file entry.cif (mmCIF, C-alpha atoms)
data_coords
loop_
_atom_site.label_atom_id
_atom_site.label_comp_id
_atom_site.auth_asym_id
_atom_site.auth_seq_id
_atom_site.Cartn_x
_atom_site.Cartn_y
_atom_site.Cartn_z
CA MET A 161 0.00 0.00 0.00
CA ASN A 162 1.41 3.38 -1.00
CA PRO A 163 1.81 6.17 1.61
CA ILE A 164 -1.03 8.33 0.22
CA GLU A 165 -3.46 5.42 0.44
CA GLN A 166 -2.44 4.88 4.05
CA LEU A 167 -3.18 8.55 4.78
CA LYS A 168 -6.60 8.25 3.16
CA ILE A 169 -7.42 5.32 5.43
CA GLN A 170 -6.23 7.20 8.49
CA ALA A 171 -8.39 10.24 7.74
CA ALA A 172 -11.47 8.16 6.97
CA GLU A 173 -11.18 5.90 9.98
CA TYR A 174 -10.53 8.87 12.29
CA ALA A 175 -13.79 10.46 11.10
CA ALA A 176 -15.81 7.26 11.49
CA ASP A 177 -14.41 6.64 14.98
CA HIS A 178 -14.85 10.21 16.24
CA PHE A 179 -18.12 11.35 14.65
CA ILE A 180 -20.40 8.35 14.20
CA ARG A 181 -22.53 7.24 17.15
CA SER A 182 -25.24 4.61 17.57
CA GLY A 183 -28.69 5.64 16.41
CA MET A 184 -27.45 8.09 13.78
CA LEU A 185 -28.60 8.60 10.22
CA VAL A 186 -25.32 8.76 8.30
CA GLY A 187 -24.46 10.13 4.86
CA LEU A 188 -22.04 7.88 2.98
CA GLY A 189 -19.76 9.76 0.59
CA VAL A 190 -18.02 9.02 -2.68
CA GLY A 191 -14.40 8.53 -3.66
CA SER A 192 -11.19 6.80 -2.77
CA THR A 193 -11.03 8.27 0.76
CA ALA A 194 -14.70 8.25 1.75
CA ILE A 195 -14.99 4.59 0.78
CA HIS A 196 -12.74 3.72 3.71
CA ALA A 197 -15.13 5.48 6.10
CA THR A 198 -18.01 3.38 4.77
CA ARG A 199 -15.99 0.22 5.31
CA ARG A 200 -15.04 1.34 8.81
CA ILE A 201 -18.67 2.02 9.74
CA ALA A 202 -19.63 -1.43 8.48
CA LEU A 203 -16.88 -3.01 10.58
CA LEU A 204 -18.00 -1.12 13.70
CA ILE A 205 -21.56 -2.33 13.12
CA LYS A 206 -20.34 -5.91 12.67
CA GLU A 207 -18.29 -5.67 15.88
CA LYS A 208 -21.41 -4.30 17.66
CA LYS A 209 -19.64 -1.05 18.52
CA LEU A 210 -22.36 0.78 16.59
CA ALA A 211 -26.07 -0.04 16.64
CA SER A 212 -29.24 1.23 14.98
CA ILE A 213 -27.30 2.93 12.18
CA THR A 214 -29.16 3.89 9.01
CA ALA A 215 -27.62 5.57 5.99
CA ILE A 216 -28.16 7.46 2.75
CA ALA A 217 -25.58 6.96 0.00
CA CYS A 218 -24.29 9.76 -2.25
CA SER A 219 -24.02 7.58 -5.36
CA LYS A 220 -25.18 4.31 -6.82
CA SER A 221 -21.71 2.83 -6.39
CA THR A 222 -21.66 3.78 -2.69
CA GLU A 223 -25.17 2.41 -2.33
CA ASP A 224 -24.06 -0.92 -3.80
CA LEU A 225 -21.06 -1.01 -1.45
CA ALA A 226 -23.21 -0.23 1.60
CA ILE A 227 -25.65 -3.00 0.72
CA SER A 228 -22.81 -5.48 0.24
CA LEU A 229 -21.41 -4.52 3.65
CA GLY A 230 -24.75 -4.79 5.42
CA ILE A 231 -25.29 -1.09 6.19
CA PRO A 232 -29.07 -0.40 6.26
CA LEU A 233 -30.15 2.27 3.76
CA ILE A 234 -33.30 4.40 3.92
CA ASP A 235 -35.19 6.56 1.46
CA PHE A 236 -35.56 10.34 1.72
CA ARG A 237 -38.54 11.87 3.47
CA PRO A 238 -39.53 15.54 3.22
CA ASP A 239 -38.10 16.18 6.68
CA THR A 240 -34.95 14.04 6.39
CA ARG A 241 -32.03 15.41 8.42
CA ILE A 242 -28.74 13.52 8.29
CA ASP A 243 -26.74 13.56 11.52
CA VAL A 244 -23.27 13.22 9.99
CA THR A 245 -22.03 12.82 6.43
CA ILE A 246 -18.47 11.67 5.80
CA ASP A 247 -17.33 12.53 2.29
CA GLY A 248 -14.17 13.28 0.36
CA ALA A 249 -13.08 16.25 -1.73
CA ASP A 250 -10.79 16.93 -4.65
CA GLU A 251 -9.54 20.21 -3.20
CA VAL A 252 -10.07 22.11 0.07
CA ASP A 253 -9.06 25.71 0.70
CA THR A 254 -8.18 27.43 3.97
CA LYS A 255 -11.82 28.50 4.50
CA LEU A 256 -13.09 24.90 4.13
CA ASN A 257 -14.56 25.59 0.69
CA LEU A 258 -14.39 22.56 -1.57
CA ILE A 259 -14.13 21.37 -5.12
CA LYS A 260 -15.96 18.05 -5.47
CA GLY A 261 -17.15 15.91 -8.34
CA GLY A 262 -14.05 14.07 -9.44
CA GLY A 263 -16.02 10.89 -8.88
CA GLY A 264 -18.97 12.23 -10.85
CA ALA A 265 -21.51 12.37 -8.00
CA LEU A 266 -21.47 16.10 -7.22
CA THR A 267 -25.23 16.64 -7.48
CA ARG A 268 -26.14 13.84 -5.11
CA GLU A 269 -23.28 14.78 -2.80
CA LYS A 270 -24.57 18.36 -2.57
CA ILE A 271 -28.14 17.22 -1.91
CA VAL A 272 -26.87 15.11 0.98
CA ALA A 273 -24.53 17.83 2.26
CA GLN A 274 -27.23 20.49 2.46
CA ILE A 275 -29.43 18.33 4.73
CA SER A 276 -26.56 17.19 6.95
CA LYS A 277 -26.16 18.62 10.44
CA ARG A 278 -22.45 17.91 10.14
CA GLU A 279 -20.53 17.58 6.87
CA VAL A 280 -17.17 15.95 7.60
CA ILE A 281 -14.65 15.98 4.75
CA VAL A 282 -11.78 13.48 4.81
CA ILE A 283 -8.65 14.07 2.72
CA ASP A 284 -4.95 13.42 2.59
CA HIS A 285 -2.71 16.50 2.65
CA SER A 286 -2.29 16.55 -1.15
CA LYS A 287 -5.90 17.77 -1.47
CA SER A 288 -5.31 20.87 0.67
CA SER A 289 -4.46 24.21 -0.97
CA GLU A 290 -4.55 27.92 -0.22
CA ILE A 291 -6.99 28.78 -3.03
CA LEU A 292 -9.48 26.58 -4.89
CA GLY A 293 -8.57 25.83 -8.48
CA THR A 294 -4.86 25.55 -7.75
CA ASN A 295 -4.79 21.82 -8.46
CA TRP A 296 -8.23 20.83 -9.69
CA PRO A 297 -10.81 21.93 -12.29
CA VAL A 298 -14.44 22.48 -11.31
CA PRO A 299 -16.73 19.66 -12.48
CA ILE A 300 -19.92 21.02 -14.04
CA GLU A 301 -22.86 18.64 -14.48
CA VAL A 302 -24.94 19.59 -17.54
CA ILE A 303 -27.91 18.06 -19.32
CA PRO A 304 -26.89 16.45 -22.64
CA PHE A 305 -29.28 18.65 -24.65
CA GLY A 306 -27.32 21.70 -25.75
CA TRP A 307 -24.27 20.82 -23.69
CA GLN A 308 -22.03 22.55 -26.22
CA THR A 309 -23.65 25.90 -25.38
CA GLN A 310 -22.88 25.36 -21.70
CA GLU A 311 -19.27 24.63 -22.59
CA HIS A 312 -19.13 27.87 -24.57
CA PHE A 313 -20.61 29.76 -21.62
CA LEU A 314 -17.90 28.36 -19.33
CA GLN A 315 -15.24 29.38 -21.82
CA ILE A 316 -16.64 32.94 -21.86
CA LEU A 317 -16.21 32.94 -18.08
CA GLY A 318 -12.54 32.16 -18.65
CA ALA A 319 -12.42 28.39 -18.19
CA LYS A 320 -10.47 25.86 -20.17
CA THR A 321 -12.97 23.07 -20.67
CA GLN A 322 -13.05 19.38 -21.41
CA LEU A 323 -16.03 17.08 -21.71
CA ARG A 324 -15.42 14.11 -19.43
CA THR A 325 -15.32 10.82 -21.32
CA ARG A 326 -15.02 7.14 -20.58
CA GLU A 327 -12.16 4.94 -21.75
CA ASN A 328 -14.08 4.11 -24.94
CA GLY A 329 -14.36 7.81 -25.80
CA GLU A 330 -18.08 8.04 -25.07
CA PRO A 331 -19.27 10.83 -22.74
CA TYR A 332 -19.16 9.99 -19.05
CA LEU A 333 -22.69 9.75 -17.62
CA THR A 334 -23.61 10.68 -14.07
CA ASP A 335 -26.15 8.72 -12.01
CA GLN A 336 -28.71 11.17 -13.44
CA SER A 337 -27.57 10.37 -17.02
CA ASN A 338 -26.06 13.83 -17.46
CA PHE A 339 -22.66 14.91 -18.85
CA ILE A 340 -19.80 16.48 -16.91
CA ILE A 341 -17.65 19.31 -18.24
CA ASP A 342 -14.43 19.78 -16.28
CA ALA A 343 -13.82 23.54 -16.21
CA ASP A 344 -10.38 24.87 -15.28
CA PHE A 345 -10.81 28.48 -14.12
CA GLY A 346 -7.34 28.66 -12.62
CA THR A 347 -7.25 29.91 -9.03
CA ILE A 348 -10.67 31.00 -7.77
CA ALA A 349 -10.35 33.95 -5.40
CA GLU A 350 -14.12 34.34 -4.94
CA PRO A 351 -15.73 30.89 -5.12
CA MET A 352 -19.14 32.16 -3.95
CA LEU A 353 -19.34 34.66 -6.82
CA LEU A 354 -18.47 31.99 -9.37
CA ALA A 355 -20.90 29.54 -7.76
CA ASP A 356 -23.74 32.05 -8.05
CA GLU A 357 -22.96 32.73 -11.70
CA LEU A 358 -22.92 29.04 -12.56
CA LYS A 359 -26.11 28.34 -10.61
CA HIS A 360 -28.16 30.79 -12.67
CA ARG A 361 -27.29 29.23 -16.04
CA THR A 362 -30.09 27.08 -17.49
CA GLY A 363 -28.71 23.72 -18.58
CA ILE A 364 -26.18 23.53 -15.76
CA VAL A 365 -27.62 21.01 -13.31
CA GLU A 366 -25.01 21.54 -10.60
CA HIS A 367 -21.41 22.61 -10.10
CA GLY A 368 -18.61 21.20 -7.97
CA LEU A 369 -18.04 24.28 -5.82
CA PHE A 370 -19.16 23.44 -2.27
CA VAL A 371 -19.14 26.75 -0.42
CA ASN A 372 -20.06 27.04 3.27
CA LEU A 373 -21.15 23.40 3.46
CA ALA A 374 -18.27 21.65 5.24
CA THR A 375 -18.35 21.83 9.03
CA ASP A 376 -15.22 19.74 9.58
CA VAL A 377 -12.19 18.77 7.51
CA ILE A 378 -9.96 15.91 8.55
CA ILE A 379 -6.54 16.12 6.91
CA ALA A 380 -4.07 13.24 7.22
CA TYR A 381 -0.39 14.16 7.24
CA ASP A 382 2.62 11.92 7.71
CA SER A 383 2.94 13.50 11.15
CA GLY A 384 -0.69 12.86 12.15
CA ILE A 385 -4.27 14.10 11.82
CA LEU A 386 -5.32 17.74 11.63
CA HIS A 387 -8.97 18.50 12.44
CA LYS A 388 -10.22 21.84 11.11
CA THR A 389 -13.70 23.20 11.74
CA ASP A 390 -15.79 26.03 10.35
CA GLU A 391 -15.34 27.78 13.69
CA THR A 392 -11.53 27.91 13.50
#
call {"tool": "encode", "arguments": {"input": "entry.cif", "output": "structure tokens"}}
result
Amino acid sequence: MNPIEQLKIQAAEYAADHFIRSGMLVGLGVGSTAIHATRRIALLIKEKKLASITAIACSKSTEDLAISLGIPLIDFRPDTRIDVTIDGADEVDTKLNLIKGGGGALTREKIVAQISKREVIVIDHSKSSEILGTNWPVPIEVIPFGWQTQEHFLQILGAKTQLRTRENGEPYLTDQSNFIIDADFGTIAEPMLLADELKHRTGIVEHGLFVNLATDVIIAYDSGILHKTDET
């Protein structure tokens, strides 16, 4: 196992051990770090260290994993409030703003995040940066109809764009059967302003800027775990 993978496991298991309690409704995130939190929760249930856990998954792949591990899943209700969601991120800035969507589940992840009392993000130190956009483009989920016009709109805003594709060259499809355009805006000094501009464009389903949603970020370094909160 490479050192970065070990750090991912450390961050994910720290979050599961410190934030998840019996009786909670838990949000299960997406990606190579969050998957370890899901596995840890399943192990704690199996070892009877957690009881009466229910969950909502942020993607079909996470849903399949949870079912295979025996984590009970529930459907949404109008008043659903998730106690804790543990999810990953592609990039996190110093104000706990995020770029998410590298795994293609940004819309479902944002739906879950906005109804979570606590949104815990788990990353290794390579995902931390001073300013969003330093190391990662912003995934933009768009409906297939007229997607080229959305790409042009993003280019007018200053982004270098690329339609995400599968290995066979066909467009990548989200769980909602939409396309993703990866938009490189460079460094994003005002993520809220960009988020608002993207949100008002018809044809853009959702964007990967998660602003003011994370309550906690767990960063794994070689020297140990750093826990940052939205109050610090």
call {"tool": "closest_residue", "arguments": {"input": "entry.cif", "among": "A:Leu188, A:Leu354, A:Ile340, A:Ile300", "to": "Lys220 (chain A)", "atoms": "only C-alpha atoms"}}
result
A:Leu188
call {"tool": "closest_residue", "arguments": {"input": "entry.cif", "among": "A:Ile246, A:Leu333, A:Ile213, A:Val272", "to": "Ile378 (chain A)", "atoms": "all atoms listed in the file"}}
result
A:Ile246
call {"tool": "atom_distance", "arguments": {"input": "entry.cif", "atom1": "CA of Ala175 (chain A)", "atom2": "CA of Arg237 (chain A)"}}
result
25.9 Å
call {"tool": "atom_distance", "arguments": {"input": "entry.cif", "atom1": "CA of Val302 (chain A)", "atom2": "CA of Thr362 (chain A)"}}
result
9.1 Å
call {"tool": "resolve_selection", "arguments": {"input": "entry.cif", "expression": "the PyMOL selection byres ((chain A and resi 197-201) around 10)", "output": "number ranges by chain"}}
result
A: 168-177, 180-181, 186-190, 192-196, 202-207, 209-210, 213, 215, 217, 222, 225-226, 229, 231, 246-248, 282
call {"tool": "atom_distance", "arguments": {"input": "entry.cif", "atom1": "CA of Ile379 (chain A)", "atom2": "CA of Trp296 (chain A)"}}
result
17.3 Å
call {"tool": "residues_around", "arguments": {"input": "entry.cif", "residues": "Lys287 (chain A)", "least_positions_apart": "6", "cutoff": "9 Å", "atoms": "only C-alpha atoms", "output": "PyMOL selection string"}}
result
chain A and resi 249-253+295+379
call {"tool": "closest_residue", "arguments": {"input": "entry.cif", "among": "A:Pro232, A:Pro238, A:Pro299, A:Gly384", "to": "Ile364 (chain A)", "atoms": "all atoms listed in the file"}}
result
A:Pro299
call {"tool": "closest_residue", "arguments": {"input": "entry.cif", "among": "A:Phe345, A:Met352, A:Ser289, A:Val371", "to": "Gln274 (chain A)", "atoms": "only C-alpha atoms"}}
result
A:Val371
call {"tool": "resolve_selection", "arguments": {"input": "entry.cif", "expression": "the PyMOL selection byres ((chain A and resi 317) around 10)", "output": "number ranges by chain"}}
result
A: 311-316, 318-320, 343, 345, 354, 357-358
call {"tool": "residues_near_point", "arguments": {"input": "entry.cif", "point": "(-36.0, 14.9, 7.5)", "cutoff": "12 Å", "atoms": "only C-alpha atoms", "output": "PDB file with C-alpha atoms, in the frame of the given file"}}
result
ATOM      1  CA  LEU A 185     -28.600   8.600  10.220  1.00  0.00           C
ATOM      2  CA  ILE A 216     -28.160   7.460   2.750  1.00  0.00           C
ATOM      3  CA  ILE A 234     -33.300   4.400   3.920  1.00  0.00           C
ATOM      4  CA  ASP A 235     -35.190   6.560   1.460  1.00  0.00           C
ATOM      5  CA  PHE A 236     -35.560  10.340   1.720  1.00  0.00           C
ATOM      6  CA  ARG A 237     -38.540  11.870   3.470  1.00  0.00           C
ATOM      7  CA  PRO A 238     -39.530  15.540   3.220  1.00  0.00           C
ATOM      8  CA  ASP A 239     -38.100  16.180   6.680  1.00  0.00           C
ATOM      9  CA  THR A 240     -34.950  14.040   6.390  1.00  0.00           C
ATOM     10  CA  ARG A 241     -32.030  15.410   8.420  1.00  0.00           C
ATOM     11  CA  ILE A 242     -28.740  13.520   8.290  1.00  0.00           C
ATOM     12  CA  ASP A 243     -26.740  13.560  11.520  1.00  0.00           C
ATOM     13  CA  VAL A 272     -26.870  15.110   0.980  1.00  0.00           C
ATOM     14  CA  GLN A 274     -27.230  20.490   2.460  1.00  0.00           C
ATOM     15  CA  ILE A 275     -29.430  18.330   4.730  1.00  0.00           C
ATOM     16  CA  SER A 276     -26.560  17.190   6.950  1.00  0.00           C
ATOM     17  CA  LYS A 277     -26.160  18.620  10.440  1.00  0.00           C
TER      18      LYS A 277
END
call {"tool": "axis_aligned_box", "arguments": {"input": "entry.cif", "around": "region 334-347 of chain A", "padding_each_side": "4 Å", "output": "AutoDock Vina command-line options"}}
result
--center_x -18.0 --center_y 19.3 --center_z -13.9 --size_x 29.5 --size_y 29.2 --size_z 17.8
call {"tool": "closest_residue", "arguments": {"input": "entry.cif", "among": "A:Thr334, A:Gly261, A:His285, A:Cys218", "to": "Pro163 (chain A)", "atoms": "all atoms listed in the file"}}
result
A:His285
call {"tool": "closest_residue", "arguments": {"input": "entry.cif", "among": "A:Ile164, A:Leu369, A:Ile291, A:Val298", "to": "Ala349 (chain A)", "atoms": "all atoms listed in the file"}}
result
A:Ile291
call {"tool": "resolve_selection", "arguments": {"input": "entry.cif", "expression": "the PyMOL selection byres ((chain A and resi 338) around 12)", "output": "PyMOL selection string"}}
result
chain A and resi 264-267+300-307+323-325+331-337+339-341+363-366
